[in-house]
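Chemist: Below is one structure. I have some questions about it.
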Amino acid sequence: MTSLPDASAIVHSIMAAGVDLARRGQVPATSGNFSARVDDRYIAITSSGVDKGALSEDDVLLFDLEGDAVVGKGSASAETPLHTSLYRRDRDIGAVLHTHSRNATLVSMMMGDIDTVVLTNYELLKAFRGFTSHTDTARVPVFANDQDMARLSTLVEARLNNTTDVIGYLLAGHGLYTWGVDMAEARRHIEAMEFILDCELERMRLRR
């Protein structure tokens with residue numbers, strides 16, 4: 001049997017992210033899920049129905065990239081396919097964070113028939129990997145929520161493959177997915193995205 005990698009440092013990075021994002025109110029109740037790449041074959045991901053602000057090592061499962069549980073006592077998150085498809089699509093992704101913040105939920109619901117949030121002229125865009133100017137344009141696709149995660153992950157993957165300058169995506173009435181080369185970058189992307197979405201939400205209010 002192939003020996004499993006030591007994921008302890010990765011697990012603790014997920015636990016630390018949980019404490020921080022829960023403190024910021026971005027994963028209320030037991031919402032959200034976090035993952036990080038362990039190596040080319042495995043990821044660590046939070047199990048279903050756990051408080052992300054009080055994660056223990058047992059609340060983080062080890063999965064292979066086909067989405068099969070390898071180690072862990074909890075139940076798999078239904079959204080595991082949304083994580084594993086991102087890692088398979090891009091080998092540079094080292095961490096994926098999914099939050100249920102108020103800003104992400106409201107902006108995603110207020111888009112109506114518009115399927116992309118277009119962001120430009122924000123200085124904070126430079127917080128995202130690959131962006132060097134406030135004049136850059138970032139795109140955040142918006143998908144209808146769906147309880148069929150296999151179907152949703154297929155739609156997300158197809159859309160991402162045909163869209164440039166994507167820094168994350170929204171599920172309408174649900175929340176935000178974003179990622180980074182490691183957990184520190186993913187957390188920075190979450191913080192920057194939350195600030196920008198808060199600005200977008202205020203702009204929507206002012207236009208009314």
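FYI, nothing fancy with the structure tokens labels: chains A, B, ... in order, residues from 1 per chain, ligands from 1 as they appear.
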Per DSSP on the backbone, what are the alpha helix (DSSP H) residues of segment 75-171 of chain A, as a ChimeraX atom specification?
Modeler: /A:80-89,102-109,149-161
Chemist: Just the residues within 9 Å of segment 145-161 of chain A, please, counting only C-alpha atoms, with nothing from its chain fewer than 4 positions along; format it as JSON, numbers by chain.
Modeler: {"A": [78, 79, 80, 81, 82, 83, 85, 86, 89, 141, 166, 169, 171, 172, 173, 174]}
Chemist: Under the rule that only C-alpha atoms are counted, which of A:Thr116, A:Asn121, A:Asn103, A:Thr164 is the nearest residue to Thr135 of chain A?
Modeler: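 Using only C-alpha atoms, Thr135 of chain A sits closest to A:Asn121.
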Chemist: Using only C-alpha atoms, determine which residues lie at most 10 Å from Glu194 of chain A, disregarding the query and same-chain residues fewer than 3 positions distant; provide the list as a list in words.
Modeler: Gln26, Ser101, Arg102, Asn103, Ala104, Leu176, Arg188, His189, Ile190, Glu191, Leu197, Asp198, Cys199 and Glu200 of chain A
Chemist: For the residues in that selection, give me N, CA, C and O atoms as a PDB file, in the first residue's frame.
Modeler:
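Everything below was put into out.pdb:
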ATOM      1  N   GLN A  26     -17.387  35.408   8.041  1.00  0.00           N
ATOM      2  CA  GLN A  26     -17.516  34.977   6.660  1.00  0.00           C
ATOM      3  C   GLN A  26     -17.928  33.508   6.508  1.00  0.00           C
ATOM      4  O   GLN A  26     -18.170  33.057   5.386  1.00  0.00           O
ATOM      5  N   SER A 101     -20.078  34.811   2.998  1.00  0.00           N
ATOM      6  CA  SER A 101     -20.178  36.154   3.572  1.00  0.00           C
ATOM      7  C   SER A 101     -21.446  36.864   3.101  1.00  0.00           C
ATOM      8  O   SER A 101     -22.028  36.539   2.067  1.00  0.00           O
ATOM      9  N   ARG A 102     -21.829  37.864   3.856  1.00  0.00           N
ATOM     10  CA  ARG A 102     -22.992  38.690   3.498  1.00  0.00           C
ATOM     11  C   ARG A 102     -22.750  39.378   2.163  1.00  0.00           C
ATOM     12  O   ARG A 102     -23.643  39.419   1.301  1.00  0.00           O
ATOM     13  N   ASN A 103     -21.569  39.942   1.979  1.00  0.00           N
ATOM     14  CA  ASN A 103     -21.278  40.665   0.740  1.00  0.00           C
ATOM     15  C   ASN A 103     -21.404  39.758  -0.485  1.00  0.00           C
ATOM     16  O   ASN A 103     -22.040  40.113  -1.480  1.00  0.00           O
ATOM     17  N   ALA A 104     -20.763  38.596  -0.420  1.00  0.00           N
ATOM     18  CA  ALA A 104     -20.790  37.683  -1.565  1.00  0.00           C
ATOM     19  C   ALA A 104     -22.210  37.196  -1.839  1.00  0.00           C
ATOM     20  O   ALA A 104     -22.632  37.090  -2.998  1.00  0.00           O
ATOM     21  N   LEU A 176     -18.869  32.631  -2.081  1.00  0.00           N
ATOM     22  CA  LEU A 176     -17.701  32.911  -2.908  1.00  0.00           C
ATOM     23  C   LEU A 176     -16.714  31.753  -2.877  1.00  0.00           C
ATOM     24  O   LEU A 176     -16.477  31.157  -1.822  1.00  0.00           O
ATOM     25  N   ARG A 188      -5.348  36.130   1.432  1.00  0.00           N
ATOM     26  CA  ARG A 188      -5.221  37.502   0.953  1.00  0.00           C
ATOM     27  C   ARG A 188      -6.265  37.801  -0.118  1.00  0.00           C
ATOM     28  O   ARG A 188      -6.870  38.879  -0.128  1.00  0.00           O
ATOM     29  N   HIS A 189      -6.494  36.843  -1.004  1.00  0.00           N
ATOM     30  CA  HIS A 189      -7.497  37.027  -2.047  1.00  0.00           C
ATOM     31  C   HIS A 189      -8.897  37.174  -1.446  1.00  0.00           C
ATOM     32  O   HIS A 189      -9.695  37.992  -1.924  1.00  0.00           O
ATOM     33  N   ILE A 190      -9.202  36.378  -0.437  1.00  0.00           N
ATOM     34  CA  ILE A 190     -10.501  36.491   0.238  1.00  0.00           C
ATOM     35  C   ILE A 190     -10.667  37.889   0.833  1.00  0.00           C
ATOM     36  O   ILE A 190     -11.699  38.555   0.665  1.00  0.00           O
ATOM     37  N   GLU A 191      -9.643  38.366   1.534  1.00  0.00           N
ATOM     38  CA  GLU A 191      -9.738  39.669   2.191  1.00  0.00           C
ATOM     39  C   GLU A 191      -9.924  40.782   1.170  1.00  0.00           C
ATOM     40  O   GLU A 191     -10.758  41.687   1.349  1.00  0.00           O
ATOM     41  N   LEU A 197     -16.092  43.585  -2.941  1.00  0.00           N
ATOM     42  CA  LEU A 197     -17.519  43.274  -3.014  1.00  0.00           C
ATOM     43  C   LEU A 197     -18.336  44.194  -2.115  1.00  0.00           C
ATOM     44  O   LEU A 197     -19.470  44.566  -2.453  1.00  0.00           O
ATOM     45  N   ASP A 198     -17.773  44.578  -0.984  1.00  0.00           N
ATOM     46  CA  ASP A 198     -18.462  45.525  -0.111  1.00  0.00           C
ATOM     47  C   ASP A 198     -18.624  46.870  -0.821  1.00  0.00           C
ATOM     48  O   ASP A 198     -19.683  47.500  -0.757  1.00  0.00           O
ATOM     49  N   CYS A 199     -17.578  47.290  -1.539  1.00  0.00           N
ATOM     50  CA  CYS A 199     -17.665  48.526  -2.327  1.00  0.00           C
ATOM     51  C   CYS A 199     -18.712  48.389  -3.434  1.00  0.00           C
ATOM     52  O   CYS A 199     -19.493  49.320  -3.681  1.00  0.00           O
ATOM     53  N   GLU A 200     -18.722  47.239  -4.115  1.00  0.00           N
ATOM     54  CA  GLU A 200     -19.698  47.020  -5.181  1.00  0.00           C
ATOM     55  C   GLU A 200     -21.120  47.054  -4.633  1.00  0.00           C
ATOM     56  O   GLU A 200     -22.023  47.612  -5.266  1.00  0.00           O
TER      57      GLU A 200
END
Chemist: Using only C-alpha atoms, which residue out of A:Leu206, A:Ile45, A:Ile196, A:Val70 lies closest to Pro5 of chain A?
Modeler: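 Ranked by minimum distance to Pro5 of chain A, first place goes to A:Val70.
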Chemist: I'd like to know which of A:Ala184, A:Ala36, A:Ala44, A:Val11 is closest to Leu61 of chain A, using only C-alpha atoms.
Modeler: A:Ala44
Chemist: When you draw a straight line from atom CA of Ala144 of chain A to atom CA of Ser31 of chain A, how long is it in Å?
Modeler: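 Atom CA of Ser31 of chain A lies at a distance of 17.8 Å from atom CA of Ala144 of chain A.
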Chemist: I want to know what sits within 12 Å of Gly180 of chain A, based on only C-alpha atoms, with residues of the same chain fewer than 6 positions away left out; could you give that as a PyMOL selection string?
Modeler: chain A and resi 34-37+86-87+90-97+127-130+166-168+186-190
Chemist: Suppose we keep N, CA, C and O atoms; can you now write the selection as an mmCIF file, in the first residue's frame?
Modeler:
data_model
loop_
_atom_site.group_PDB
_atom_site.id
_atom_site.type_symbol
_atom_site.label_atom_id
_atom_site.label_comp_id
_atom_site.auth_asym_id
_atom_site.auth_seq_id
_atom_site.Cartn_x
_atom_site.Cartn_y
_atom_site.Cartn_z
ATOM 1 N N PHE A 34 -13.015 24.643 3.246
ATOM 2 C CA PHE A 34 -11.655 25.037 2.912
ATOM 3 C C PHE A 34 -10.855 23.805 2.522
ATOM 4 O O PHE A 34 -11.060 22.720 3.072
ATOM 5 N N SER A 35 -9.910 23.992 1.615
ATOM 6 C CA SER A 35 -9.037 22.883 1.253
ATOM 7 C C SER A 35 -7.650 23.403 0.911
ATOM 8 O O SER A 35 -7.463 24.598 0.654
ATOM 9 N N ALA A 36 -6.675 22.503 0.901
ATOM 10 C CA ALA A 36 -5.308 22.847 0.516
ATOM 11 C C ALA A 36 -4.648 21.613 -0.090
ATOM 12 O O ALA A 36 -4.918 20.482 0.323
ATOM 13 N N ARG A 37 -3.805 21.859 -1.072
ATOM 14 C CA ARG A 37 -3.094 20.769 -1.730
ATOM 15 C C ARG A 37 -2.008 20.229 -0.796
ATOM 16 O O ARG A 37 -1.218 20.994 -0.236
ATOM 17 N N LEU A 86 -10.883 22.238 -9.382
ATOM 18 C CA LEU A 86 -9.951 23.359 -9.472
ATOM 19 C C LEU A 86 -8.501 22.876 -9.402
ATOM 20 O O LEU A 86 -7.649 23.328 -10.169
ATOM 21 N N TYR A 87 -8.221 21.953 -8.496
ATOM 22 C CA TYR A 87 -6.856 21.437 -8.373
ATOM 23 C C TYR A 87 -6.437 20.658 -9.619
ATOM 24 O O TYR A 87 -5.272 20.735 -10.042
ATOM 25 N N ASP A 90 -5.711 23.281 -12.521
ATOM 26 C CA ASP A 90 -4.554 24.165 -12.408
ATOM 27 C C ASP A 90 -3.613 23.644 -11.325
ATOM 28 O O ASP A 90 -3.905 23.739 -10.129
ATOM 29 N N ARG A 91 -2.464 23.148 -11.734
ATOM 30 C CA ARG A 91 -1.502 22.578 -10.789
ATOM 31 C C ARG A 91 -0.887 23.639 -9.876
ATOM 32 O O ARG A 91 -0.289 23.301 -8.849
ATOM 33 N N ASP A 92 -1.022 24.923 -10.247
ATOM 34 C CA ASP A 92 -0.469 25.990 -9.403
ATOM 35 C C ASP A 92 -1.363 26.327 -8.221
ATOM 36 O O ASP A 92 -0.932 27.035 -7.305
ATOM 37 N N ILE A 93 -2.610 25.866 -8.234
ATOM 38 C CA ILE A 93 -3.505 26.136 -7.102
ATOM 39 C C ILE A 93 -3.072 25.301 -5.907
ATOM 40 O O ILE A 93 -2.954 24.084 -5.988
ATOM 41 N N GLY A 94 -2.835 26.002 -4.781
ATOM 42 C CA GLY A 94 -2.419 25.312 -3.569
ATOM 43 C C GLY A 94 -3.446 25.352 -2.465
ATOM 44 O O GLY A 94 -3.335 24.600 -1.485
ATOM 45 N N ALA A 95 -4.459 26.214 -2.579
ATOM 46 C CA ALA A 95 -5.503 26.301 -1.558
ATOM 47 C C ALA A 95 -6.762 26.903 -2.169
ATOM 48 O O ALA A 95 -6.683 27.769 -3.043
ATOM 49 N N VAL A 96 -7.907 26.430 -1.713
ATOM 50 C CA VAL A 96 -9.216 26.916 -2.173
ATOM 51 C C VAL A 96 -10.056 27.243 -0.944
ATOM 52 O O VAL A 96 -10.163 26.422 -0.022
ATOM 53 N N LEU A 97 -10.635 28.434 -0.928
ATOM 54 C CA LEU A 97 -11.475 28.862 0.183
ATOM 55 C C LEU A 97 -12.875 29.198 -0.319
ATOM 56 O O LEU A 97 -13.032 29.931 -1.292
ATOM 57 N N ALA A 127 -3.844 43.236 -5.141
ATOM 58 C CA ALA A 127 -3.670 42.175 -4.146
ATOM 59 C C ALA A 127 -3.796 40.788 -4.763
ATOM 60 O O ALA A 127 -3.399 39.795 -4.154
ATOM 61 N N PHE A 128 -4.353 40.718 -5.978
ATOM 62 C CA PHE A 128 -4.549 39.432 -6.646
ATOM 63 C C PHE A 128 -3.348 39.090 -7.520
ATOM 64 O O PHE A 128 -2.788 39.960 -8.193
ATOM 65 N N ARG A 129 -2.987 37.829 -7.499
ATOM 66 C CA ARG A 129 -1.851 37.364 -8.299
ATOM 67 C C ARG A 129 -2.062 37.726 -9.773
ATOM 68 O O ARG A 129 -3.126 37.481 -10.340
ATOM 69 N N GLY A 130 -1.033 38.303 -10.371
ATOM 70 C CA GLY A 130 -1.071 38.607 -11.788
ATOM 71 C C GLY A 130 -1.625 39.979 -12.129
ATOM 72 O O GLY A 130 -1.570 40.392 -13.291
ATOM 73 N N VAL A 166 -9.858 35.480 -14.289
ATOM 74 C CA VAL A 166 -10.804 35.060 -13.253
ATOM 75 C C VAL A 166 -10.076 34.974 -11.916
ATOM 76 O O VAL A 166 -9.028 34.333 -11.816
ATOM 77 N N ILE A 167 -10.625 35.617 -10.891
ATOM 78 C CA ILE A 167 -10.001 35.598 -9.577
ATOM 79 C C ILE A 167 -10.860 34.865 -8.544
ATOM 80 O O ILE A 167 -10.507 34.799 -7.367
ATOM 81 N N GLY A 168 -11.974 34.328 -9.003
ATOM 82 C CA GLY A 168 -12.878 33.600 -8.129
ATOM 83 C C GLY A 168 -14.225 33.511 -8.819
ATOM 84 O O GLY A 168 -14.387 33.968 -9.948
ATOM 85 N N ALA A 186 -4.411 32.604 -0.757
ATOM 86 C CA ALA A 186 -5.863 32.438 -0.816
ATOM 87 C C ALA A 186 -6.551 33.326 0.222
ATOM 88 O O ALA A 186 -7.582 33.945 -0.054
ATOM 89 N N ARG A 187 -5.980 33.410 1.414
ATOM 90 C CA ARG A 187 -6.552 34.269 2.452
ATOM 91 C C ARG A 187 -6.449 35.742 2.063
ATOM 92 O O ARG A 187 -7.370 36.524 2.323
ATOM 93 N N ARG A 188 -5.348 36.130 1.432
ATOM 94 C CA ARG A 188 -5.221 37.502 0.953
ATOM 95 C C ARG A 188 -6.265 37.801 -0.118
ATOM 96 O O ARG A 188 -6.870 38.879 -0.128
ATOM 97 N N HIS A 189 -6.494 36.843 -1.004
ATOM 98 C CA HIS A 189 -7.497 37.027 -2.047
ATOM 99 C C HIS A 189 -8.897 37.174 -1.446
ATOM 100 O O HIS A 189 -9.695 37.992 -1.924
ATOM 101 N N ILE A 190 -9.202 36.378 -0.437
ATOM 102 C CA ILE A 190 -10.501 36.491 0.238
ATOM 103 C C ILE A 190 -10.667 37.889 0.833
ATOM 104 O O ILE A 190 -11.699 38.555 0.665
#
Chemist: Taking the backbone alone, and naming residues the way the document does, which bits of segment 22-81 of chain A are strand (DSSP E or B) by DSSP, as a PyMOL selection string?
Modeler: chain A and resi 33-37+42-46+60-64+69-71
Chemist: Go ahead and save the picked residues with N, CA, C and O atoms, as a compact mmCIF listing (two decimals), in the first residue's frame.
Modeler:
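Saved as selection.txt:
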# COMPACT_ATOMS: atom_id res chain seq x y z
N ASN A 33 -16.35 25.85 3.18
CA ASN A 33 -15.41 24.74 3.22
C ASN A 33 -14.07 25.20 2.68
O ASN A 33 -14.01 26.05 1.80
N PHE A 34 -13.02 24.64 3.25
CA PHE A 34 -11.65 25.04 2.91
C PHE A 34 -10.85 23.80 2.52
O PHE A 34 -11.06 22.72 3.07
N SER A 35 -9.91 23.99 1.61
CA SER A 35 -9.04 22.88 1.25
C SER A 35 -7.65 23.40 0.91
O SER A 35 -7.46 24.60 0.65
N ALA A 36 -6.67 22.50 0.90
CA ALA A 36 -5.31 22.85 0.52
C ALA A 36 -4.65 21.61 -0.09
O ALA A 36 -4.92 20.48 0.32
N ARG A 37 -3.81 21.86 -1.07
CA ARG A 37 -3.09 20.77 -1.73
C ARG A 37 -2.01 20.23 -0.80
O ARG A 37 -1.22 20.99 -0.24
N TYR A 42 -2.95 14.35 -3.43
CA TYR A 42 -3.90 14.49 -2.32
C TYR A 42 -4.16 15.95 -1.97
O TYR A 42 -3.30 16.81 -2.11
N ILE A 43 -5.38 16.19 -1.46
CA ILE A 43 -5.73 17.46 -0.83
C ILE A 43 -6.27 17.17 0.56
O ILE A 43 -6.72 16.05 0.86
N ALA A 44 -6.22 18.19 1.42
CA ALA A 44 -6.90 18.14 2.71
C ALA A 44 -8.10 19.07 2.61
O ALA A 44 -7.99 20.17 2.06
N ILE A 45 -9.25 18.66 3.14
CA ILE A 45 -10.47 19.45 3.02
C ILE A 45 -11.33 19.28 4.26
O ILE A 45 -11.37 18.21 4.87
N THR A 46 -12.01 20.36 4.64
CA THR A 46 -12.87 20.30 5.82
C THR A 46 -14.05 19.37 5.58
O THR A 46 -14.60 19.31 4.48
N VAL A 60 -10.70 17.67 9.45
CA VAL A 60 -10.09 17.85 8.14
C VAL A 60 -9.76 16.48 7.56
O VAL A 60 -9.08 15.67 8.20
N LEU A 61 -10.29 16.21 6.37
CA LEU A 61 -10.13 14.91 5.74
C LEU A 61 -9.06 14.96 4.66
O LEU A 61 -8.82 15.99 4.05
N LEU A 62 -8.43 13.83 4.44
CA LEU A 62 -7.47 13.69 3.35
C LEU A 62 -8.17 13.00 2.19
O LEU A 62 -8.79 11.95 2.36
N PHE A 63 -8.12 13.64 1.01
CA PHE A 63 -8.79 13.13 -0.19
C PHE A 63 -7.78 12.99 -1.31
O PHE A 63 -6.83 13.77 -1.41
N ASP A 64 -8.04 12.02 -2.19
CA ASP A 64 -7.28 12.05 -3.43
C ASP A 64 -8.03 12.97 -4.40
O ASP A 64 -9.15 13.38 -4.14
N ALA A 69 -12.41 9.74 -0.20
CA ALA A 69 -11.84 9.93 1.13
C ALA A 69 -10.77 8.88 1.39
O ALA A 69 -10.95 7.71 1.11
N VAL A 70 -9.66 9.34 1.95
CA VAL A 70 -8.57 8.44 2.27
C VAL A 70 -8.42 8.31 3.78
O VAL A 70 -8.33 7.23 4.32
N VAL A 71 -8.37 9.44 4.45
CA VAL A 71 -8.21 9.46 5.90
C VAL A 71 -9.16 10.50 6.47
O VAL A 71 -9.28 11.60 5.94
Chemist: In Å, with one decimal, what is the gap from atom CA of Ala138 of chain A to atom CA of Asp39 of chain A?
Modeler: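 Rounded to one decimal, the two atoms are 28.7 Å apart.
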Chemist: Could you please determine the separation between atom CA of Ser47 of chain A and atom CA of Ala29 of chain A in Å, to one decimal place?
Modeler: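 Pair atom CA of Ser47 of chain A / atom CA of Ala29 of chain A returns 14.0 Å.
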